[in-house]
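Next comes final-v7.cif, with mmCIF, C-alpha atoms and all ligand atoms.
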```
data_work
#
loop_
_atom_site.group_PDB
_atom_site.id
_atom_site.type_symbol
_atom_site.label_atom_id
_atom_site.label_comp_id
_atom_site.auth_asym_id
_atom_site.auth_seq_id
_atom_site.Cartn_x
_atom_site.Cartn_y
_atom_site.Cartn_z
ATOM 1 C CA MET A 1 0.000 0.000 0.000
ATOM 2 C CA LYS A 2 1.453 3.340 -1.042
ATOM 3 C CA ILE A 3 0.501 7.000 -0.698
ATOM 4 C CA ILE A 4 1.658 9.284 -3.478
ATOM 5 C CA GLU A 5 2.069 12.769 -2.050
ATOM 6 C CA THR A 6 4.133 15.918 -1.777
ATOM 7 C CA LYS A 7 5.385 16.087 1.782
ATOM 8 C CA SER A 8 5.139 19.877 2.152
ATOM 9 C CA ALA A 9 1.512 20.086 0.940
ATOM 10 C CA PRO A 10 -1.265 20.600 3.519
ATOM 11 C CA ASN A 11 -3.621 17.913 2.184
ATOM 12 C CA ALA A 12 -0.823 15.350 2.283
ATOM 13 C CA ARG A 13 -0.028 16.408 5.841
ATOM 14 C CA ARG A 14 -3.551 15.816 7.070
ATOM 15 C CA VAL A 15 -3.520 12.225 5.829
ATOM 16 C CA ARG A 16 -0.107 11.607 7.430
ATOM 17 C CA MET A 17 -1.320 13.119 10.699
ATOM 18 C CA PHE A 18 -4.428 10.925 10.617
ATOM 19 C CA LEU A 19 -2.287 7.827 10.069
ATOM 20 C CA ALA A 20 0.115 8.871 12.824
ATOM 21 C CA GLU A 21 -2.786 9.219 15.279
ATOM 22 C CA LYS A 22 -3.767 5.649 14.447
ATOM 23 C CA GLY A 23 -0.179 4.369 14.660
ATOM 24 C CA LEU A 24 -0.288 3.308 11.007
ATOM 25 C CA LEU A 25 2.493 5.363 9.424
ATOM 26 C CA ASP A 26 4.767 2.333 9.140
ATOM 27 C CA GLU A 27 2.053 0.317 7.356
ATOM 28 C CA VAL A 28 2.202 2.585 4.321
ATOM 29 C CA GLN A 29 4.956 3.492 1.884
ATOM 30 C CA PHE A 30 5.243 7.083 0.699
ATOM 31 C CA GLU A 31 6.248 8.171 -2.783
ATOM 32 C CA GLN A 32 6.918 11.823 -3.527
ATOM 33 C CA VAL A 33 5.779 13.759 -6.589
ATOM 34 C CA ASP A 34 6.916 17.313 -7.230
ATOM 35 C CA ILE A 35 3.712 19.320 -7.718
ATOM 36 C CA ALA A 36 5.668 22.571 -8.202
ATOM 37 C CA ALA A 37 7.333 20.968 -11.226
ATOM 38 C CA GLY A 38 3.943 19.687 -12.423
ATOM 39 C CA GLU A 39 4.770 15.986 -12.097
ATOM 40 C CA ASN A 40 1.161 15.419 -11.020
ATOM 41 C CA LEU A 41 -0.102 16.750 -14.349
ATOM 42 C CA SER A 42 1.207 13.787 -16.353
ATOM 43 C CA GLU A 43 -1.203 11.346 -17.980
ATOM 44 C CA ALA A 44 0.345 8.571 -15.878
ATOM 45 C CA TYR A 45 -0.588 10.410 -12.679
ATOM 46 C CA ARG A 46 -4.036 11.401 -13.990
ATOM 47 C CA ALA A 47 -4.736 7.692 -14.517
ATOM 48 C CA LYS A 48 -4.279 7.280 -10.747
ATOM 49 C CA ASN A 49 -6.307 10.348 -9.741
ATOM 50 C CA LEU A 50 -8.412 12.131 -12.327
ATOM 51 C CA THR A 51 -8.250 15.479 -10.521
ATOM 52 C CA THR A 52 -4.401 15.235 -10.699
ATOM 53 C CA LYS A 53 -4.241 16.348 -7.042
ATOM 54 C CA ILE A 54 -2.212 14.762 -4.293
ATOM 55 C CA PRO A 55 -2.478 12.705 -2.172
ATOM 56 C CA VAL A 56 -3.674 9.457 -3.693
ATOM 57 C CA LEU A 57 -3.662 6.047 -2.041
ATOM 58 C CA ALA A 58 -2.500 3.176 -4.278
ATOM 59 C CA LEU A 59 -3.764 -0.168 -3.007
ATOM 60 C CA ASP A 60 -1.939 -3.438 -3.633
ATOM 61 C CA SER A 61 -5.084 -4.609 -5.507
ATOM 62 C CA GLY A 62 -4.365 -1.963 -8.167
ATOM 63 C CA GLU A 63 -7.135 0.400 -7.063
ATOM 64 C CA PHE A 64 -6.618 4.071 -6.245
ATOM 65 C CA ILE A 65 -8.352 6.297 -3.716
ATOM 66 C CA GLY A 66 -8.129 10.049 -4.177
ATOM 67 C CA GLU A 67 -9.438 12.792 -1.839
ATOM 68 C CA SER A 68 -7.814 13.118 1.581
ATOM 69 C CA VAL A 69 -10.998 12.472 3.542
ATOM 70 C CA ALA A 70 -11.827 9.376 1.486
ATOM 71 C CA ILE A 71 -8.336 8.033 2.210
ATOM 72 C CA CYS A 72 -8.840 8.726 5.929
ATOM 73 C CA ARG A 73 -12.264 7.078 5.871
ATOM 74 C CA TYR A 74 -10.730 3.943 4.376
ATOM 75 C CA PHE A 75 -8.231 3.700 7.229
ATOM 76 C CA GLU A 76 -10.902 4.539 9.816
ATOM 77 C CA ALA A 77 -12.992 1.627 8.549
ATOM 78 C CA LEU A 78 -10.010 -0.730 8.602
ATOM 79 C CA HIS A 79 -8.759 0.469 12.000
ATOM 80 C CA PRO A 80 -11.665 1.966 13.962
ATOM 81 C CA SER A 81 -9.630 2.645 17.095
ATOM 82 C CA PRO A 82 -8.819 5.320 18.040
ATOM 83 C CA ALA A 83 -11.939 6.723 16.370
ATOM 84 C CA LEU A 84 -11.159 9.968 14.570
ATOM 85 C CA MET A 85 -14.461 10.165 12.684
ATOM 86 C CA GLY A 86 -16.784 9.434 15.592
ATOM 87 C CA GLU A 87 -18.409 6.366 17.117
ATOM 88 C CA THR A 88 -22.074 7.135 17.760
ATOM 89 C CA PRO A 89 -24.334 8.444 14.973
ATOM 90 C CA LEU A 90 -24.479 11.858 16.682
ATOM 91 C CA GLU A 91 -20.705 12.043 17.099
ATOM 92 C CA GLN A 92 -20.139 10.981 13.496
ATOM 93 C CA ALA A 93 -22.509 13.677 12.232
ATOM 94 C CA GLN A 94 -20.968 16.375 14.427
ATOM 95 C CA ILE A 95 -17.451 15.459 13.350
ATOM 96 C CA GLU A 96 -18.514 15.389 9.702
ATOM 97 C CA MET A 97 -20.112 18.821 10.144
ATOM 98 C CA TRP A 98 -16.934 20.339 11.595
ATOM 99 C CA GLN A 99 -14.680 18.504 9.177
ATOM 100 C CA ARG A 100 -16.629 19.995 6.264
ATOM 101 C CA ARG A 101 -16.641 23.438 7.853
ATOM 102 C CA ALA A 102 -12.867 23.257 8.392
ATOM 103 C CA GLU A 103 -12.391 22.102 4.818
ATOM 104 C CA PHE A 104 -14.739 24.475 2.992
ATOM 105 C CA HIS A 105 -14.342 27.582 5.141
ATOM 106 C CA LEU A 106 -10.646 27.322 6.016
ATOM 107 C CA MET A 107 -8.547 24.824 4.031
ATOM 108 C CA LEU A 108 -10.127 25.756 0.696
ATOM 109 C CA PRO A 109 -10.046 29.572 1.036
ATOM 110 C CA VAL A 110 -6.477 29.460 2.373
ATOM 111 C CA GLY A 111 -5.494 27.321 -0.636
ATOM 112 C CA MET A 112 -7.300 29.654 -3.050
ATOM 113 C CA CYS A 113 -5.684 32.701 -1.411
ATOM 114 C CA PHE A 114 -2.283 31.060 -1.937
ATOM 115 C CA GLN A 115 -2.942 30.002 -5.532
ATOM 116 C CA HIS A 116 -4.598 33.229 -6.675
ATOM 117 C CA THR A 117 -2.327 35.757 -4.947
ATOM 118 C CA THR A 118 1.054 34.091 -5.533
ATOM 119 C CA GLY A 119 0.593 32.652 -9.031
ATOM 120 C CA TYR A 120 2.354 29.487 -7.784
ATOM 121 C CA PHE A 121 0.371 27.325 -10.226
ATOM 122 C CA LYS A 122 0.062 29.862 -13.045
ATOM 123 C CA ASP A 123 1.285 27.180 -15.463
ATOM 124 C CA ARG A 124 -2.025 25.329 -14.926
ATOM 125 C CA MET A 125 -4.607 27.935 -13.875
ATOM 126 C CA VAL A 126 -5.506 31.595 -14.315
ATOM 127 C CA PRO A 127 -4.822 33.420 -11.043
ATOM 128 C CA VAL A 128 -7.413 36.057 -10.099
ATOM 129 C CA PRO A 129 -5.673 38.094 -7.368
ATOM 130 C CA ALA A 130 -8.851 39.874 -6.195
ATOM 131 C CA TYR A 131 -10.529 36.502 -5.655
ATOM 132 C CA GLY A 132 -7.462 35.287 -3.755
ATOM 133 C CA GLU A 133 -7.523 38.330 -1.496
ATOM 134 C CA GLN A 134 -11.225 37.822 -0.779
ATOM 135 C CA CYS A 135 -10.540 34.173 0.071
ATOM 136 C CA GLY A 136 -7.894 35.338 2.561
ATOM 137 C CA LYS A 137 -10.453 37.625 4.208
ATOM 138 C CA ASP A 138 -13.002 34.802 4.309
ATOM 139 C CA ALA A 139 -10.465 32.487 5.961
ATOM 140 C CA ARG A 140 -9.671 35.140 8.613
ATOM 141 C CA ALA A 141 -13.396 35.645 9.266
ATOM 142 C CA PHE A 142 -13.848 31.911 9.776
ATOM 143 C CA MET A 143 -10.895 31.805 12.185
ATOM 144 C CA ALA A 144 -12.680 34.468 14.258
ATOM 145 C CA GLN A 145 -15.813 32.299 14.254
ATOM 146 C CA LEU A 146 -13.777 29.288 15.301
ATOM 147 C CA ASP A 147 -12.314 31.300 18.170
ATOM 148 C CA ALA A 148 -15.816 32.038 19.465
ATOM 149 C CA HIS A 149 -16.830 28.386 19.048
ATOM 150 C CA LEU A 150 -13.756 27.104 20.883
ATOM 151 C CA ALA A 151 -14.632 29.244 23.907
ATOM 152 C CA GLY A 152 -17.126 26.502 24.748
ATOM 153 C CA SER A 153 -15.601 23.421 23.145
ATOM 154 C CA GLU A 154 -12.294 21.664 23.789
ATOM 155 C CA PHE A 155 -11.919 20.513 20.187
ATOM 156 C CA LEU A 156 -13.778 21.520 17.031
ATOM 157 C CA ALA A 157 -16.418 18.809 17.327
ATOM 158 C CA GLY A 158 -16.646 18.678 21.123
ATOM 159 C CA PRO A 159 -14.640 16.858 23.798
ATOM 160 C CA ARG A 160 -12.958 14.422 21.406
ATOM 161 C CA PHE A 161 -10.003 15.122 19.060
ATOM 162 C CA SER A 162 -11.037 14.302 15.497
ATOM 163 C CA ILE A 163 -10.286 14.604 11.799
ATOM 164 C CA ALA A 164 -11.886 18.069 11.955
ATOM 165 C CA ASP A 165 -9.024 19.254 14.201
ATOM 166 C CA ILE A 166 -6.495 17.735 11.804
ATOM 167 C CA THR A 167 -7.960 19.590 8.822
ATOM 168 C CA ALA A 168 -8.159 22.871 10.741
ATOM 169 C CA LEU A 169 -4.590 22.560 12.078
ATOM 170 C CA CYS A 170 -3.154 21.851 8.629
ATOM 171 C CA ALA A 171 -5.084 24.810 7.203
ATOM 172 C CA VAL A 172 -4.012 27.205 9.990
ATOM 173 C CA ASP A 173 -0.359 26.205 9.567
ATOM 174 C CA PHE A 174 -0.510 26.536 5.779
ATOM 175 C CA ALA A 175 -2.154 29.958 6.154
ATOM 176 C CA ARG A 176 1.223 31.335 7.265
ATOM 177 C CA VAL A 177 2.419 31.239 3.654
ATOM 178 C CA VAL A 178 -0.178 33.917 2.898
ATOM 179 C CA LYS A 179 0.607 35.743 6.151
ATOM 180 C CA ILE A 180 -2.612 34.753 7.907
ATOM 181 C CA ARG A 181 -1.846 34.048 11.544
ATOM 182 C CA ILE A 182 -3.817 33.524 14.738
ATOM 183 C CA SER A 183 -4.566 37.039 15.998
ATOM 184 C CA ASP A 184 -3.674 38.001 19.589
ATOM 185 C CA GLU A 185 -7.401 38.565 20.139
ATOM 186 C CA TRP A 186 -8.233 34.914 19.500
ATOM 187 C CA ALA A 187 -7.262 33.364 22.852
ATOM 188 C CA HIS A 188 -9.504 30.307 22.428
ATOM 189 C CA LEU A 189 -8.178 29.499 18.978
ATOM 190 C CA ALA A 190 -4.628 29.973 20.317
ATOM 191 C CA ARG A 191 -5.360 27.570 23.209
ATOM 192 C CA TRP A 192 -6.751 24.987 20.806
ATOM 193 C CA TYR A 193 -3.825 25.474 18.417
ATOM 194 C CA LYS A 194 -1.240 24.894 21.168
ATOM 195 C CA GLN A 195 -3.020 21.744 22.276
ATOM 196 C CA VAL A 196 -3.400 20.232 18.785
ATOM 197 C CA ALA A 197 -0.034 21.356 17.357
ATOM 198 C CA GLY A 198 1.624 19.777 20.406
ATOM 199 C CA ARG A 199 0.400 16.277 19.551
ATOM 200 C CA PRO A 200 3.238 14.047 18.278
ATOM 201 C CA SER A 201 1.186 13.345 15.118
ATOM 202 C CA ALA A 202 1.465 17.018 14.113
ATOM 203 C CA ALA A 203 5.118 16.376 13.232
ATOM 204 C CA ALA A 204 4.331 13.429 10.948
HETATM 205 N N1 LIG B 1 -9.862 17.753 -2.315
HETATM 206 C C1 LIG B 1 -8.527 17.248 -2.472
HETATM 207 C C2 LIG B 1 -7.589 18.448 -2.627
HETATM 208 C C3 LIG B 1 -6.177 18.029 -2.883
HETATM 209 C C4 LIG B 1 -5.289 19.219 -3.273
HETATM 210 O O1 LIG B 1 -5.756 20.330 -3.548
HETATM 211 N N2 LIG B 1 -3.979 18.944 -3.300
HETATM 212 C C5 LIG B 1 -3.041 19.969 -3.696
HETATM 213 C C6 LIG B 1 -1.866 19.982 -2.697
HETATM 214 S S1 LIG B 1 -2.382 20.376 -1.051
HETATM 215 C C7 LIG B 1 -2.471 19.639 -5.073
HETATM 216 O O2 LIG B 1 -2.408 18.483 -5.449
HETATM 217 N N3 LIG B 1 -2.041 20.662 -5.834
HETATM 218 C C8 LIG B 1 -1.402 20.466 -7.089
HETATM 219 C C9 LIG B 1 -2.137 21.090 -8.240
HETATM 220 O O3 LIG B 1 -3.159 21.781 -8.004
HETATM 221 O O4 LIG B 1 -1.684 20.891 -9.375
HETATM 222 C C10 LIG B 1 -8.133 16.395 -1.275
HETATM 223 O O5 LIG B 1 -8.739 16.576 -0.218
HETATM 224 O O6 LIG B 1 -7.269 15.526 -1.373
#
```
Would you put the structure from the file into structure tokens?
Ligand SMILES: N[C@@H](CCC(=O)N[C@@H](CS)C(=O)NCC(=O)O)C(=O)O
Amino acid sequence: MKIIETKSAPNARRVRMFLAEKGLLDEVQFEQVDIAAGENLSEAYRAKNLTTKIPVLALDSGEFIGESVAICRYFEALHPSPALMGETPLEQAQIEMWQRRAEFHLMLPVGMCFQHTTGYFKDRMVPVPAYGEQCGKDARAFMAQLDAHLAGSEFLAGPRFSIADITALCAVDFARVVKIRISDEWAHLARWYKQVAGRPSAAA
């Protein structure tokens, strides 16, 4: 079983962190592709993942699983403990809710801010700087909302660390490349960040 990734990329990091939390990092081999050089745009890579994005999980059976959350779900089903996607129906729904919020309101706008303001991928897309700047503002606004939420919640989805925290941590860390940082006013987000970034899996 092999994960094809780019180690520095935030979506690759969240899968590695998920695996580290489950103690599964040694079960998987990692192969690097250079997305800056466009290695992921080859037809050979597209045959593994039609979106051409990393990461992708290559199973020994010859099948491929793209999308970070789908890869995590596969490992959660194979190794349910420790549960990172919830156990009870309510917990699973709450974690899914926060995972999607972290993905769509933080990871995605941070990524779009990076791509549209830096032109990093201008060989494969048309950067629209004004859109990128707006995405940066949207990401900051969501971080303020998260701060308010975390005033009453230990982790994003309640008392249990979950995949939602992994997605949010990877997004917050990646946000530094576009100079978005946790503001001094956001004490609850800072408390959460210290707690989650201090987990050994954060270094995976
Ligand atoms: N929804 C996908 C997003 C993956 C994604 O955007 N990966 C980025 C790196 S973090 C990538 O492959 N970028 C290369 C490119 O856009 O060509 C997932 O969750 O896996």
Next on the checklist: Using the chain letters and numbers from this file, what does the PyMOL selection byres (((not hetatm)) within 10 of (chain B and resi 1)) select? Give the answer as a PyMOL selection string.
Outcome noted: chain A and resi 5-15+33-41+49+51-56+65-72+103-104+107-108+111-112+115+120-125+167+170-171+174
Next on the checklist: I'd like the residues picked by the PyMOL selection byres (((chain A and resi 1) around 9) and not hetatm) written out as a ChimeraX atom specification, using the chain letters and numbers from the file.
Outcome noted: /A:2-3,27-30,57-61
Checklist entry - Can you list, as number ranges by chain, the residues that the PyMOL selection byres (((chain A and resi 109) around 12) and not hetatm) selects here? => result A: 101-108, 110-117, 131-143, 168, 171-172, 174-175, 178, 180
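Counting from CA of Glu63 (chain A), the distance to CA of Trp98 (chain A) is 29.0 Å.
The gap separating CA of Leu189 (chain A) from CA of Ala144 (chain A) is 8.2 Å, in Å to one decimal.
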Item to check | Test item: residues at most 8 Å from Phe18 (chain A), all atoms listed in the file, excluding those fewer than 2 positions along its chain, as an MDAnalysis selection string | outcome: chainID A and resid 14:16 20:22 72 84 163 166 201
Filtering to C-alpha atoms, could you give me those residues as a compact mmCIF listing (two decimals), in the frame of the given file?
```
# COMPACT_ATOMS: atom_id res chain seq x y z
CA ARG A 14 -3.55 15.82 7.07
CA VAL A 15 -3.52 12.22 5.83
CA ARG A 16 -0.11 11.61 7.43
CA ALA A 20 0.12 8.87 12.82
CA GLU A 21 -2.79 9.22 15.28
CA LYS A 22 -3.77 5.65 14.45
CA CYS A 72 -8.84 8.73 5.93
CA LEU A 84 -11.16 9.97 14.57
CA ILE A 163 -10.29 14.60 11.80
CA ILE A 166 -6.50 17.74 11.80
CA SER A 201 1.19 13.34 15.12
```
Checklist entry - For Arg46 (chain A), which of A:Tyr74, A:Arg199, A:Glu87, A:Phe64 is the closest residue, counting only C-alpha atoms? => result A:Phe64
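For Glu185 (chain A), the non-local neighbours within 12 Å, defined as residues at least 2 positions apart in the same chain or in other chains and counting all atoms listed in the file, are Met143, Ala144, Asp147, Ala148, Arg181, Ile182, Ser183, Ala187, His188, Leu189, Ala190 and Arg191 of chain A.
Of the residues under consideration (A:Asp173, A:Arg100, A:Gln94, A:Leu25), A:Gln94 shows the shortest atom-to-atom contact distance to Phe155 (chain A) when counting all atoms listed in the file.
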Please give the centre and size of the box around region 174-180 of chain A (axis-aligned, containing every atom listed in the file, 8 Å added per side), with values in Å to one decimal and written as JSON.
```
{"center_x": -0.1, "center_y": 31.1, "center_z": 5.4, "size_x": 21.0, "size_y": 25.2, "size_z": 21.0}
```
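With only C-alpha atoms taken into account, the protein and nucleic acid residues at most 8 Å from region 195-198 of chain A (excluding it and anything under 3 positions from it in its own chain) are A:Asp165, A:Leu169, A:Arg191, A:Trp192, A:Ala202.
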Checklist entry - Rounded to one decimal in Å, what is the spacing between CA of Pro200 (chain A) and CA of Arg176 (chain A)? => result 20.6 Å
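Between Met85 (chain A) and the residues A:Val177, A:Ala44, A:Ala204, A:Ala157, the shortest atom-to-atom distance, using only C-alpha atoms, involves A:Ala157.
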